[in-house]
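Undergrad: Structure file protein-v9.tsv, TSV, C-alpha atoms, is pasted below:
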```
chain	number	residue	atom	x	y	z
D	1	MET	CA	-28.31	10.55	-107.50
D	2	PRO	CA	-26.47	13.70	-106.41
D	3	ARG	CA	-23.78	13.32	-103.79
D	4	TRP	CA	-25.37	15.84	-101.44
D	5	LEU	CA	-28.73	14.04	-101.29
D	6	PRO	CA	-27.80	11.21	-98.81
D	7	ARG	CA	-26.06	13.72	-96.57
D	8	ALA	CA	-29.09	16.03	-96.69
D	9	VAL	CA	-31.46	13.15	-95.85
D	10	VAL	CA	-29.32	12.15	-92.87
D	11	LEU	CA	-29.18	15.76	-91.70
D	12	VAL	CA	-32.97	16.15	-91.96
D	13	LEU	CA	-33.55	12.89	-90.05
D	14	ALA	CA	-31.10	14.00	-87.35
D	15	LEU	CA	-32.86	17.35	-87.00
D	16	VAL	CA	-36.26	15.65	-86.75
D	17	ALA	CA	-34.91	13.24	-84.12
D	18	CYS	CA	-33.43	16.13	-82.11
D	19	PHE	CA	-36.72	18.00	-82.31
D	20	GLN	CA	-38.70	14.98	-81.13
D	21	LEU	CA	-36.22	14.36	-78.31
D	22	GLY	CA	-36.34	18.01	-77.23
D	23	SER	CA	-40.14	18.06	-77.37
D	24	TRP	CA	-40.35	14.89	-75.26
D	25	ALA	CA	-37.88	16.27	-72.70
D	26	PHE	CA	-39.77	19.59	-72.54
D	27	HIS	CA	-43.10	17.87	-71.88
D	28	GLN	CA	-41.48	15.71	-69.22
D	29	LEU	CA	-39.90	18.70	-67.48
D	30	ILE	CA	-42.74	21.21	-67.87
D	31	GLY	CA	-43.83	20.67	-64.26
D	32	LEU	CA	-40.34	21.36	-62.94
D	33	LEU	CA	-39.96	24.43	-65.16
D	34	VAL	CA	-43.26	25.87	-63.90
D	35	ASN	CA	-42.18	25.27	-60.30
D	36	ILE	CA	-38.88	27.03	-60.96
D	37	LEU	CA	-40.76	29.96	-62.53
D	38	ILE	CA	-43.01	30.27	-59.47
D	39	ALA	CA	-39.98	30.05	-57.18
D	40	PHE	CA	-38.21	32.78	-59.14
D	41	PHE	CA	-41.14	35.20	-58.76
D	42	LEU	CA	-41.42	34.36	-55.06
D	43	ALA	CA	-37.72	35.14	-54.67
D	44	LEU	CA	-38.26	38.45	-56.45
D	45	ALA	CA	-41.16	39.22	-54.10
D	46	ILE	CA	-39.10	38.76	-50.92
D	47	GLU	CA	-35.95	40.31	-52.38
D	48	PRO	CA	-36.59	43.82	-50.91
D	49	ALA	CA	-37.01	42.45	-47.36
D	50	VAL	CA	-33.96	40.20	-47.65
D	51	ALA	CA	-31.82	42.99	-49.14
D	52	ARG	CA	-32.87	45.38	-46.37
D	53	MET	CA	-31.84	42.88	-43.68
D	54	ALA	CA	-28.56	42.19	-45.47
D	55	GLU	CA	-27.76	45.91	-45.59
D	56	ARG	CA	-28.08	46.03	-41.79
D	57	GLY	CA	-25.33	43.44	-41.36
D	58	MET	CA	-27.33	40.19	-41.34
D	59	ARG	CA	-26.10	37.34	-43.47
D	60	ARG	CA	-28.19	36.93	-46.58
D	61	GLY	CA	-28.92	33.24	-46.02
D	62	PHE	CA	-30.08	33.87	-42.44
D	63	ALA	CA	-32.18	36.84	-43.58
D	64	THR	CA	-33.90	34.64	-46.15
D	65	PHE	CA	-34.53	32.03	-43.47
D	66	VAL	CA	-36.08	34.67	-41.18
D	67	VAL	CA	-38.43	35.84	-43.94
D	68	PHE	CA	-39.46	32.28	-44.79
D	69	LEU	CA	-39.97	31.48	-41.12
D	70	GLY	CA	-42.22	34.51	-40.67
D	71	VAL	CA	-44.32	33.57	-43.68
D	72	PHE	CA	-44.56	29.95	-42.51
D	73	VAL	CA	-45.59	30.91	-38.96
D	74	PHE	CA	-48.26	33.28	-40.28
D	75	VAL	CA	-49.70	30.73	-42.72
D	76	ALA	CA	-49.57	27.85	-40.21
D	77	GLY	CA	-51.23	29.90	-37.47
D	78	PHE	CA	-53.92	31.15	-39.81
D	79	LEU	CA	-54.67	27.65	-41.13
D	80	ALA	CA	-54.77	26.25	-37.58
D	81	LEU	CA	-57.22	28.95	-36.52
D	82	LEU	CA	-59.42	28.34	-39.54
D	83	GLY	CA	-59.24	24.57	-39.06
D	84	SER	CA	-60.42	24.72	-35.46
D	85	MET	CA	-63.10	27.24	-36.37
D	86	LEU	CA	-64.31	25.18	-39.33
D	87	ALA	CA	-64.37	21.94	-37.32
D	88	GLY	CA	-66.50	23.51	-34.59
D	89	GLN	CA	-68.90	25.05	-37.09
D	90	ILE	CA	-69.29	21.78	-38.98
D	91	VAL	CA	-70.12	19.94	-35.75
D	92	ASP	CA	-72.71	22.58	-34.86
D	93	MET	CA	-74.22	22.43	-38.33
D	94	VAL	CA	-74.44	18.62	-38.30
D	95	GLU	CA	-76.10	18.67	-34.89
D	96	SER	CA	-78.63	21.29	-35.93
D	97	PHE	CA	-79.23	19.90	-39.43
D	98	PRO	CA	-82.29	17.80	-38.40
D	99	ASP	CA	-83.97	20.93	-37.04
D	100	TYR	CA	-83.29	22.79	-40.28
D	101	LEU	CA	-84.62	19.85	-42.27
D	102	ASP	CA	-87.78	19.68	-40.14
D	103	SER	CA	-88.43	23.38	-40.65
D	104	VAL	CA	-87.98	23.06	-44.42
D	105	ILE	CA	-90.29	20.01	-44.57
D	106	ASN	CA	-92.93	21.76	-42.49
D	107	SER	CA	-92.86	24.81	-44.72
D	108	ILE	CA	-93.17	22.59	-47.82
D	109	ASN	CA	-96.09	20.68	-46.29
D	110	THR	CA	-97.83	23.92	-45.33
D	111	THR	CA	-97.30	25.55	-48.72
D	112	PHE	CA	-98.00	22.63	-51.05
D	113	HIS	CA	-100.32	20.62	-48.74
D	114	THR	CA	-98.08	17.54	-48.79
D	115	GLU	CA	-97.38	14.93	-46.11
D	116	LEU	CA	-93.61	14.57	-46.23
D	117	SER	CA	-91.70	13.07	-43.31
D	118	ARG	CA	-88.04	13.38	-42.37
D	119	LEU	CA	-87.74	9.67	-41.57
D	120	ASP	CA	-89.15	8.67	-44.97
D	121	ILE	CA	-86.73	11.03	-46.72
D	122	GLN	CA	-83.78	9.64	-44.77
D	123	ASP	CA	-84.72	6.04	-45.55
D	124	SER	CA	-85.14	6.78	-49.26
D	125	MET	CA	-81.75	8.52	-49.36
D	126	LEU	CA	-79.94	5.74	-47.50
D	127	HIS	CA	-81.34	3.04	-49.78
D	128	SER	CA	-80.86	4.98	-53.02
D	129	ASP	CA	-78.57	3.64	-55.74
D	130	TRP	CA	-76.72	6.91	-56.31
D	131	LEU	CA	-75.67	7.09	-52.64
D	132	GLN	CA	-74.27	3.56	-52.71
D	133	LYS	CA	-72.38	4.29	-55.93
D	134	TYR	CA	-71.03	7.51	-54.40
D	135	VAL	CA	-69.75	5.64	-51.33
D	136	GLN	CA	-68.07	3.03	-53.52
D	137	ASN	CA	-66.42	5.68	-55.70
D	138	SER	CA	-65.28	7.59	-52.62
D	139	ALA	CA	-63.73	4.47	-51.13
D	140	SER	CA	-61.88	3.69	-54.35
D	141	GLY	CA	-60.69	7.31	-54.69
D	142	VAL	CA	-58.98	7.50	-51.30
D	143	LEU	CA	-55.66	6.44	-52.82
D	144	ASP	CA	-56.00	9.02	-55.58
D	145	VAL	CA	-56.65	11.75	-53.02
D	146	SER	CA	-53.65	10.65	-50.96
D	147	ALA	CA	-51.41	10.67	-54.03
D	148	THR	CA	-52.66	14.14	-54.95
D	149	VAL	CA	-51.96	15.46	-51.45
D	150	LEU	CA	-48.46	13.98	-51.44
D	151	GLY	CA	-47.80	15.40	-54.89
D	152	GLY	CA	-48.95	18.84	-53.76
D	153	LEU	CA	-46.70	18.71	-50.69
D	154	PHE	CA	-43.72	17.70	-52.84
D	155	LYS	CA	-44.47	20.57	-55.23
D	156	LEU	CA	-44.62	23.05	-52.35
D	157	LEU	CA	-41.33	21.72	-51.01
D	158	THR	CA	-39.72	22.07	-54.44
D	159	ILE	CA	-40.96	25.63	-54.88
D	160	GLY	CA	-39.86	26.62	-51.38
D	161	LEU	CA	-36.39	25.12	-51.86
D	162	PHE	CA	-35.78	26.83	-55.20
D	163	SER	CA	-37.14	30.17	-54.00
D	164	PHE	CA	-34.89	29.99	-50.93
D	165	TYR	CA	-31.83	29.39	-53.09
D	166	PHE	CA	-32.80	32.15	-55.54
D	167	ALA	CA	-33.28	34.66	-52.71
D	168	ALA	CA	-30.28	33.63	-50.60
D	169	ASP	CA	-27.86	33.38	-53.54
D	170	GLY	CA	-29.31	36.28	-55.54
D	171	PRO	CA	-26.08	38.30	-55.83
D	172	ARG	CA	-24.06	35.19	-56.64
D	173	LEU	CA	-26.59	34.21	-59.30
D	174	ARG	CA	-26.46	37.65	-60.89
D	175	ARG	CA	-22.66	37.61	-60.76
D	176	ALA	CA	-22.51	34.21	-62.45
D	177	LEU	CA	-24.96	35.33	-65.13
D	178	CYS	CA	-23.11	38.57	-65.82
D	179	SER	CA	-19.73	36.86	-65.96
D	180	VAL	CA	-20.62	35.17	-69.27
D	181	LEU	CA	-21.91	38.37	-70.89
D	182	PRO	CA	-20.12	41.41	-72.33
D	183	PRO	CA	-20.16	44.64	-70.28
D	184	ALA	CA	-23.00	46.23	-72.28
D	185	LYS	CA	-25.22	43.19	-71.80
D	186	GLN	CA	-24.36	43.03	-68.09
D	187	ALA	CA	-25.91	46.47	-67.53
D	188	GLU	CA	-29.08	45.39	-69.34
D	189	VAL	CA	-29.38	42.22	-67.26
D	190	LEU	CA	-28.95	44.13	-64.01
D	191	ARG	CA	-31.50	46.71	-65.11
D	192	ALA	CA	-34.00	43.98	-66.02
D	193	TRP	CA	-33.44	42.32	-62.64
D	194	GLU	CA	-34.10	45.57	-60.76
D	195	ILE	CA	-37.21	46.27	-62.81
D	196	ALA	CA	-38.52	42.75	-62.13
D	197	VAL	CA	-38.01	43.19	-58.38
D	198	ALA	CA	-39.78	46.57	-58.40
D	199	LYS	CA	-42.73	45.39	-60.50
D	200	THR	CA	-43.22	42.17	-58.55
D	201	GLY	CA	-43.16	44.11	-55.28
D	202	GLY	CA	-45.68	46.60	-56.69
D	203	TYR	CA	-47.97	43.78	-57.76
D	204	LEU	CA	-47.86	42.18	-54.32
D	205	TYR	CA	-48.47	45.59	-52.76
D	206	SER	CA	-51.59	46.09	-54.88
D	207	ARG	CA	-52.83	42.59	-54.03
D	208	GLY	CA	-52.20	43.20	-50.34
D	209	LEU	CA	-54.05	46.51	-50.48
D	210	MET	CA	-57.03	44.92	-52.22
D	211	ALA	CA	-56.99	42.10	-49.66
D	212	LEU	CA	-57.09	44.69	-46.86
D	213	ILE	CA	-60.02	46.56	-48.44
D	214	SER	CA	-61.88	43.31	-49.10
D	215	GLY	CA	-61.28	42.08	-45.55
D	216	ILE	CA	-62.55	45.34	-44.02
D	217	ALA	CA	-65.66	45.38	-46.21
D	218	HIS	CA	-66.56	41.78	-45.43
D	219	TYR	CA	-65.80	42.24	-41.72
D	220	VAL	CA	-68.36	45.02	-41.56
D	221	LEU	CA	-70.95	42.70	-43.10
D	222	PHE	CA	-70.10	39.79	-40.77
D	223	ALA	CA	-70.19	42.05	-37.72
D	224	VAL	CA	-73.57	43.52	-38.69
D	225	LEU	CA	-75.04	40.05	-39.24
D	226	GLY	CA	-73.53	38.76	-36.01
D	227	ILE	CA	-71.62	35.91	-37.67
D	228	PRO	CA	-69.07	34.31	-35.31
D	229	TYR	CA	-65.33	34.49	-35.99
D	230	ALA	CA	-65.85	37.64	-38.07
D	231	PRO	CA	-62.17	38.80	-37.97
D	232	ALA	CA	-60.81	35.41	-39.05
D	233	LEU	CA	-63.40	35.11	-41.81
D	234	ALA	CA	-62.58	38.60	-43.05
D	235	VAL	CA	-58.86	37.75	-43.24
D	236	TRP	CA	-59.76	34.50	-45.02
D	237	VAL	CA	-61.86	36.29	-47.65
D	238	GLY	CA	-59.23	38.96	-48.23
D	239	LEU	CA	-56.28	36.63	-48.66
D	240	VAL	CA	-57.92	33.79	-50.57
D	241	SER	CA	-59.82	36.01	-53.00
D	242	GLN	CA	-56.69	37.96	-53.94
D	243	PHE	CA	-53.84	35.44	-53.90
D	244	ILE	CA	-55.62	32.40	-55.40
D	245	PRO	CA	-56.51	33.23	-58.99
D	246	THR	CA	-59.60	32.09	-60.90
D	247	ILE	CA	-61.30	30.09	-58.12
D	248	GLY	CA	-60.16	32.18	-55.16
D	249	THR	CA	-63.37	34.20	-55.03
D	250	TYR	CA	-65.55	31.10	-54.82
D	251	LEU	CA	-63.36	29.49	-52.16
D	252	ALA	CA	-63.33	32.72	-50.18
D	253	GLY	CA	-67.11	33.08	-50.22
D	254	ALA	CA	-67.96	29.43	-49.51
D	255	LEU	CA	-66.65	29.36	-45.93
D	256	PRO	CA	-68.50	32.49	-44.70
D	257	MET	CA	-71.69	31.21	-46.32
D	258	LEU	CA	-71.30	27.88	-44.53
D	259	ILE	CA	-70.82	29.51	-41.15
D	260	ALA	CA	-73.61	32.05	-41.78
D	261	PHE	CA	-75.94	29.16	-42.57
D	262	THR	CA	-75.43	27.79	-39.07
D	263	VAL	CA	-76.65	31.11	-37.63
D	264	ASP	CA	-79.54	31.72	-40.03
D	265	PRO	CA	-80.12	30.28	-43.52
D	266	TRP	CA	-81.09	33.75	-44.79
D	267	TYR	CA	-77.72	35.11	-43.68
D	268	ALA	CA	-76.04	32.77	-46.15
D	269	LEU	CA	-78.02	34.37	-48.97
D	270	TYR	CA	-77.06	37.83	-47.70
D	271	VAL	CA	-73.38	36.86	-47.70
D	272	LEU	CA	-73.68	35.40	-51.21
D	273	GLY	CA	-75.28	38.57	-52.54
D	274	PHE	CA	-72.66	40.78	-50.93
D	275	VAL	CA	-69.80	38.64	-52.29
D	276	VAL	CA	-71.20	38.83	-55.82
D	277	VAL	CA	-71.78	42.60	-55.68
D	278	TYR	CA	-68.37	43.32	-54.14
D	279	GLN	CA	-66.65	41.10	-56.69
D	280	GLN	CA	-68.15	43.12	-59.55
D	281	PHE	CA	-67.09	46.36	-57.85
D	282	GLU	CA	-63.57	45.02	-57.40
D	283	ASN	CA	-63.25	43.74	-60.97
D	284	TYR	CA	-64.52	46.84	-62.74
D	285	VAL	CA	-63.63	49.70	-60.36
D	286	LEU	CA	-61.05	48.85	-57.70
D	287	GLN	CA	-58.68	46.35	-59.32
D	288	PRO	CA	-58.02	48.22	-62.61
D	289	LYS	CA	-57.17	51.46	-60.78
D	290	LEU	CA	-54.93	49.93	-58.13
D	291	THR	CA	-53.18	47.57	-60.53
D	292	SER	CA	-52.54	50.27	-63.11
D	293	LYS	CA	-51.07	52.62	-60.47
D	294	THR	CA	-48.87	50.17	-58.56
D	295	VAL	CA	-47.76	48.03	-61.50
D	296	ASP	CA	-47.95	50.95	-64.01
D	297	ILE	CA	-49.78	49.18	-66.85
D	298	HIS	CA	-53.07	49.95	-68.51
D	299	PRO	CA	-56.13	48.19	-67.02
D	300	ALA	CA	-56.95	46.64	-70.40
D	301	VAL	CA	-53.39	45.32	-70.68
D	302	ALA	CA	-53.62	43.93	-67.14
D	303	PHE	CA	-56.90	42.17	-67.94
D	304	GLY	CA	-55.57	40.79	-71.22
D	305	SER	CA	-52.35	39.58	-69.60
D	306	VAL	CA	-54.34	37.64	-66.99
D	307	ILE	CA	-56.40	35.97	-69.72
D	308	ALA	CA	-53.28	35.12	-71.73
D	309	GLY	CA	-51.45	33.80	-68.65
D	310	THR	CA	-54.43	31.62	-67.75
D	311	ALA	CA	-54.55	30.21	-71.27
D	312	LEU	CA	-50.83	29.41	-71.23
D	313	LEU	CA	-50.12	28.20	-67.67
D	314	GLY	CA	-53.49	28.07	-65.93
D	315	ALA	CA	-53.70	29.45	-62.40
D	316	VAL	CA	-49.94	29.96	-62.24
D	317	GLY	CA	-50.00	32.05	-65.39
D	318	ALA	CA	-52.85	34.18	-64.04
D	319	LEU	CA	-50.87	34.86	-60.87
D	320	ILE	CA	-47.60	35.90	-62.49
D	321	ALA	CA	-48.96	37.42	-65.72
D	322	ILE	CA	-49.29	41.01	-64.48
D	323	PRO	CA	-45.79	41.37	-62.92
D	324	ALA	CA	-44.24	39.63	-65.93
D	325	VAL	CA	-45.97	41.93	-68.43
D	326	ALA	CA	-45.18	45.00	-66.31
D	327	THR	CA	-41.51	44.00	-66.19
D	328	LEU	CA	-41.41	43.46	-69.95
D	329	GLN	CA	-43.18	46.75	-70.62
D	330	ALA	CA	-40.86	48.73	-68.36
D	331	PHE	CA	-37.77	47.07	-69.82
D	332	LEU	CA	-38.82	47.69	-73.43
D	333	GLY	CA	-39.82	51.26	-72.59
D	334	ALA	CA	-36.19	52.06	-71.85
D	335	TYR	CA	-35.18	51.09	-75.40
D	336	VAL	CA	-38.11	52.35	-77.46
D	337	LYS	CA	-37.27	55.64	-79.10
D	338	ARG	CA	-40.05	58.23	-78.95
D	339	TYR	CA	-40.49	61.20	-81.28
D	340	GLU	CA	-42.22	64.51	-80.91
D	341	LEU	CA	-45.69	64.74	-82.39
D	342	THR	CA	-46.24	66.76	-85.51
D	343	ARG	CA	-48.69	69.62	-85.52
D	344	ASP	CA	-51.39	67.58	-87.28
D	345	ALA	CA	-50.95	64.57	-84.96
D	346	ASP	CA	-51.02	66.81	-81.89
D	347	ALA	CA	-54.15	68.56	-83.07
D	348	SER	CA	-55.98	65.32	-83.93
D	349	THR	CA	-55.13	63.60	-80.64
D	350	ALA	CA	-55.81	66.59	-78.39
D	351	ARG	CA	-59.04	66.80	-76.46
D	352	ARG	CA	-61.76	68.63	-78.29
D	353	ARG	CA	-62.71	71.90	-76.75
D	354	PRO	CA	-66.39	72.64	-76.27
D	355	ARG	CA	-67.77	74.69	-79.09
D	356	SER	CA	-68.90	78.20	-78.30
D	357	ARG	CA	-72.55	78.89	-78.78
D	358	VAL	CA	-73.50	80.73	-81.95
D	359	ARG	CA	-76.06	83.45	-81.41
D	360	LEU	CA	-78.74	83.28	-84.07
D	361	PRO	CA	-80.09	86.51	-85.54
D	362	GLY	CA	-83.28	87.67	-83.99
D	363	ARG	CA	-82.45	86.24	-80.56
D	364	ARG	CA	-80.99	88.08	-77.62
```
Would you mind giving the structure from this file in structure tokens?
TA:
Amino acid sequence: MPRWLPRAVVLVLALVACFQLGSWAFHQLIGLLVNILIAFFLALAIEPAVARMAERGMRRGFATFVVFLGVFVFVAGFLALLGSMLAGQIVDMVESFPDYLDSVINSINTTFHTELSRLDIQDSMLHSDWLQKYVQNSASGVLDVSATVLGGLFKLLTIGLFSFYFAADGPRLRRALCSVLPPAKQAEVLRAWEIAVAKTGGYLYSRGLMALISGIAHYVLFAVLGIPYAPALAVWVGLVSQFIPTIGTYLAGALPMLIAFTVDPWYALYVLGFVVVYQQFENYVLQPKLTSKTVDIHPAVAFGSVIAGTALLGAVGALIAIPAVATLQAFLGAYVKRYELTRDADASTARRRPRSRVRLPGRR
């Protein structure tokens, strides 16, 4: 047996063990790494506001606290308004549900010549097996729901804490990162940081602009239909549909449909149709143009980056995919060398001019 063989076997086993250990540690820490990534992009988003306050003489930590406090007050006030509105509408809907059910039963009896009764339907539903199983499963799932809520609150606290530190200690973090790099690499890191701040701010600007347009469009619909709490519902649709990826559109449209149903069941169908039509308009007309102008990437690249981000990190990946790709594209564009087109390449890629009409002989 060669002398190097035992040493090679030990080295291979050590490498395999290190790989397994690293893979296990990565899977255990993937949740924390995703939270840190979200916190980093949030810190980049509020960096312009914090830097502007710091330039006016305010301490950076206090400026970050002011920005976080403003965001928290806005979100808490909006959620409180929606909670009170939703509670009142649910009570009204529950109180008027028997009348709706009677009208539906009467229309069914008139159309199909049946003899249905609301009391018989209620008794059959209360004594059904699926309802009893649903109640049992709901009772057993209370602990799971509580654990999920607590886990979500802890995740929000973790993200908020890391984003606060990233924003408040941004210059110190950049200084510590640049101190371990040579001067040439320090300039590249600072340039990448500035590009990331600009692209993230542009992405949030485009999302805010689309939320404003969506809110105005839906407010006009709610006001025409006479749906109560039209301004709050318009703000809800604008914010939720733009800042919650994948399922944000469905969550945004569910609440107005529920409240419109308490006014008139047909209004709920009108709201559903408008939400579907506007969503198609936003996906194929509004979003590609605004995203490509503010984030400066091609609409096809923006769409593909969202799909790739969703496949990799789910909803989080869909939310941060566009600013991440825009940052990478802008950073690589500074180092990609471009050449002038040759005459053949310029002629083949130029727009074709319309051909002049050829006058045939015998025609004037």
Undergrad: Provide the atom CA of Ser241 of chain D to atom CA of Val275 of chain D distance in Å, to one decimal place.
TA: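 Result for atom CA of Ser241 of chain D versus atom CA of Val275 of chain D: 10.3 Å, one decimal.
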Undergrad: For a quick check of understanding, using only C-alpha atoms, which of D:Val71, D:Leu239, D:Leu81, D:Ala268 has the smallest distance to Leu209 of chain D?
TA: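 Among the listed residues, D:Leu239 lies closest to Leu209 of chain D.
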Undergrad: When distances are computed from all atoms listed in the file, which of D:Phe112, D:Phe164, D:Phe19, D:Tyr278 shows the smallest separation from Gly238 of chain D?
TA: D:Tyr278
Undergrad: Taking into account only C-alpha atoms, which residue in the set D:Phe72, D:Phe243, D:Phe65, D:Phe154 is nearest to Leu204 of chain D?
TA: D:Phe243
Undergrad: Between atom CA of Ala184 of chain D and atom CA of Pro171 of chain D, what is the distance in Å, rounded to a tenth?
TA: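 Taking atom CA of Ala184 of chain D as the start and atom CA of Pro171 of chain D as the end point, the length is 18.5 Å.
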Undergrad: Smallest atom-to-atom distance to Tyr284 of chain D: which of D:Leu15, D:Cys178, D:Leu212, D:Ala300, using only C-alpha atoms?
TA: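 Nearest candidate to Tyr284 of chain D out of D:Leu15, D:Cys178, D:Leu212, D:Ala300: D:Ala300.
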Undergrad: As an exercise, work out the distance from atom CA of Arg56 of chain D to atom CA of Ser179 of chain D in Å and give it to one decimal place.
TA: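 A separation of 27.2 Å between them.
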Undergrad: Could you check which residues have any atom within 12 Å of (-39.2, 34.2, -42.4), counting all atoms listed in the file with coordinates taken straight from the file, and then list them as a list in words?
TA: Ile46, Ala49, Val50, Met53, Gly61, Phe62, Ala63, Thr64, Phe65, Val66, Val67, Phe68, Leu69, Gly70, Val71, Phe72, Val73, Phe74, Val75, Gly160, Phe164 and Ala167 of chain D
Undergrad: Of the candidates D:Leu233, D:Leu221, D:Leu312, D:Ile159, which one gets nearest to Val271 of chain D if we count all atoms listed in the file?
TA: D:Leu221
Undergrad: Write out as an NGL selection string which residues come within 10 Å of Gly201 of chain D when counting all atoms listed in the file, dropping same-chain ones fewer than 3 positions away.
TA: :D and (41-42 or 44-48 or 195-198 or 204-207 or 294-295 or 323)
